[in-house]
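Everything below concerns the one structure shown next.
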Amino acid sequence: MSFAIITDTSANISTPIAKAENLIVIPLSYYVGGEEKSCPDTEKFNSAAYYELLKNGEKITTSQINPQKYIEYMEPIVKDGQDILFIGMSSGISGSFSSSRIAREQLLKDYPERKICLVDSLAASMGEGMLVLKALKCRSEGMSLEETADFISKERLRLYQIFTVDDLMYLRRGGRLSNAVALVGTILHIKPVLKGDENGKIVTTGKVRGRKAVMQHIVDKFTQLAVKPESSEIAISHANCQEDAKTLLNLIKEKCNISDAFIVDHEPVTGSYLGPGALALYFFGDENVRLA
C-alpha cells in the first residue's frame, strides 16, 4: 500500500467496505444522557432506535475530534513508515478539521520525513464518503499521495449536497444553519430545501409544500445539475425514513437510467443536527455546482 487513507465516521462508509479497503475511520463522539458514545461499526448502528430517541425529545450533544485523538490514530502509521491522506468532515460545520491541522503540525515535527496531506471535504455523510471512495479508487489505480489529494481537492468542488429535514429545530439548536434569516417553519407542511455551499456550510435554498413535492424538487435539481445524470454516481442518506430514500431513488431512475446508488442510514453525529426524517442526495456536477 503506497499510503494510508483516513477519514472520520461522518463519511458514513460501511464497515465492510472500510475493512476491505484498509480504510482507517476515526470515530466522532456523541453524548446521550451524559454518556459518551460512538459508532465505529455501521453494522451495529440501530438507526430506528436512535432517531426515535431524538423524536421523543432526547437532547443529544456531540464533540469534535481533538488533536490528541488524531495523533493516536496517525502516529502509529507514520512511525511505521507510511504517509497519510486524511479526508475530513467539512470545516464549515465542525471544528474537527482544524484539530487535524494541529495534529499534523505536531506529527511532522516528530516525523519530518513523512507526508501527511489533509483534505477538507466541505461535506458530510455520503458527500464526504463519496470523496473517500474516489480516493480509495485513486490509490488502487496507483496514483501517488499528492496526485490523489489534488484530485480529491478538485472533486469536492463538483460535489452537490441537497437535502430536506422535517424540523429545522435541530439545525438551529446546533448552530449548523448559516443563513438563519431564510428559516421556514414546518407549519402548513412547508418543507425546507437545504444544501452545502461553496464553503461547506449548510444553507437554505428554498421551501416546498409537502414531502412528495420536496423529493421531486430534489430530483429536478439532480437532472439539472448532474454531469451526465444517466451515468451519475449518486448516494442517498436518510434519518430513519428508508421508504422515502427508496422512493427518491425510484424517482431518479424514472428520469435517468442510473444503475444503482448507495443508500445509508445517516450516522448519529451529523444526524443529530438534522433530526428524524432527514433525507439527502449527493452527486457530482461541474466545478461551479455548489453555487447553484
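In the C-alpha cells, chains take letters A, B, ... by order of appearance, with residues numbered from 1 within each chain and ligands from 1 in the order shown.
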Which residues of region 223-256 of chain A come within 8 Å of region 110-130 of chain A, and for each one, what is the closest pair of atoms and their distance in Å to one decimal, counting only C-alpha atoms, sorted by chain and residue number, as CSV?
```
residue,atom,partner,partner_atom,distance
A:Ala235,CA,A:Met126,CA,6.3
A:Ile236,CA,A:Met126,CA,7.2
A:Ser237,CA,A:Met126,CA,6.8
```
| said: as a list in words, please: every residue in region 118-159 of chain A that DSSP puts in strand (DSSP E). | reply: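 The residues of region 118-159 of chain A classed as strand (DSSP E) are Leu118, Val119, Asp120 and Leu159 of chain A.
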| request: Counting only C-alpha atoms, figure out which residue out of A:Val193, A:Ala239, A:Leu28, A:Ile258 gets nearest to Ala278 (chain A). | output: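 Closest to Ala278 (chain A), using only C-alpha atoms: A:Ala239.
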| request: State, in Å with one decimal place, the distance from CA of Gly206 (chain A) to CA of Ala48 (chain A). | output: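 That distance, rounded to one decimal, is 28.2 Å.
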| What lies within 10 Å of Thr7 (chain A) using only C-alpha atoms, ignoring chain neighbours under 3 positions off, as a list in words? |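 Once the nearby chain positions are removed, what remains is Ser10, Ala11, Asn12, Ile13, Ala18, Leu23, Ile24, Val25, Ile26, Pro27, Leu85, Phe86, Ile87, Gly88, Met89, Leu118, Val119, Ser121, Glu128, Gly129 and Val132 of chain A.
With distances restricted to only C-alpha atoms, A:Arg156 is the closest residue to Asp286 (chain A) from A:Lys201, A:Lys44, A:Lys19, A:Arg156.
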| query | Would you give me, as a PyMOL selection string, the residues in region 36-280 of chain A that DSSP reads as helix (DSSP H, G or I)? | reply | chain A and resi 42-44+47-55+67-79+96-110+125-140+145-158+169-174+180-182+187-189+211-225+229-231+242-255+268-274
| So which residues touch Leu157 (chain A) within 10 Å, counting only C-alpha atoms, skipping near sequence neighbours fewer than 6 positions away, as a PyMOL selection string? | chain A and resi 121-123+197-200+284-291
| task | Skip Arg104 (chain A) itself and residues of its chain fewer than 4 positions away, then list as number ranges by chain all residues within 9 Å of it, counting only C-alpha atoms. | result | A: 67, 70-71, 74, 99-100, 108-109, 116-118
Take the residues from that selection and put them in a file with C-alpha atoms, as a short mmCIF file (atom, residue, chain, number, x, y, z; two decimals), in the first residue's frame.
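What follows is the written file out_16.cif:
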```
data_model
loop_
_atom_site.label_atom_id
_atom_site.label_comp_id
_atom_site.auth_asym_id
_atom_site.auth_seq_id
_atom_site.Cartn_x
_atom_site.Cartn_y
_atom_site.Cartn_z
CA PRO A 67 -5.78 16.91 18.13
CA TYR A 70 -5.89 12.36 15.56
CA ILE A 71 -2.35 11.79 16.81
CA MET A 74 -1.96 8.75 12.85
CA SER A 99 -7.79 19.85 15.05
CA SER A 100 -6.37 17.64 12.30
CA LEU A 108 5.64 16.37 11.21
CA LYS A 109 7.88 17.85 13.90
CA ILE A 116 0.53 13.99 5.75
CA CYS A 117 -1.98 15.51 3.33
CA LEU A 118 -5.25 16.87 4.70
#
```
| message | Just the number, please: distance in Å from CA of Tyr170 (chain A) to CA of Lys212 (chain A), one decimal. | response | 21.7 Å
| request: Quick one: everything within 12 Å of Ser140 (chain A), counting only C-alpha atoms, minus sequence neighbours fewer than 2 positions away in the same chain. Send it as number ranges by chain. | output: A: 1-5, 21-22, 133-138, 142-145, 148
What would the file look like if the residues just selected were written as a compact mmCIF listing (two decimals), in the first residue's frame with C-alpha atoms?
```
# COMPACT_ATOMS: atom_id res chain seq x y z
CA MET A 1 0.00 0.00 0.00
CA SER A 2 1.52 3.32 -1.11
CA PHE A 3 -0.12 5.45 1.59
CA ALA A 4 -2.78 5.19 4.27
CA ILE A 5 -6.20 6.81 3.85
CA GLU A 21 -10.22 -1.27 1.50
CA ASN A 22 -7.96 -0.91 4.57
CA LEU A 133 -14.41 6.20 -2.15
CA LYS A 134 -12.85 8.14 -5.03
CA ALA A 135 -9.60 8.42 -3.06
CA LEU A 136 -9.57 4.67 -2.44
CA LYS A 137 -10.01 4.09 -6.17
CA CYS A 138 -7.17 6.51 -6.96
CA GLY A 142 -1.55 3.55 -8.47
CA MET A 143 -1.90 7.29 -8.07
CA SER A 144 0.51 8.93 -5.65
CA LEU A 145 -0.46 10.61 -2.39
CA THR A 148 -4.82 11.72 -5.07
```
| said: Can you measure CA of Ser231 (chain A) to CA of Gly277 (chain A) for me? One decimal in Å is fine. | reply: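 So the answer is 27.8 Å.
The nearest approach to Val227 (chain A) among the residues A:Tyr160, A:Ala20, A:Gly34, A:Ile65, with only C-alpha atoms taken into account, belongs to A:Tyr160.
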| message | At a cut-off of 8 Å, using only C-alpha atoms, what residues contact Val165 (chain A)? Leave out same-chain residues fewer than 2 positions from it and give the result as a list in words. | response |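 Result of the neighbour search: Phe163, Asp167, Leu168, Lys191, Pro192, Val193, Leu274, Gly275, Pro276, Gly277, Ala278 and Leu279 of chain A.
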| task | Can you work out which one of A:Val219, A:Ala49, A:Ile60, A:Val269 has the shortest atom-to-atom distance to Ala245 (chain A), counting only C-alpha atoms? | result |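 Among the listed residues, A:Val219 lies closest to Ala245 (chain A).
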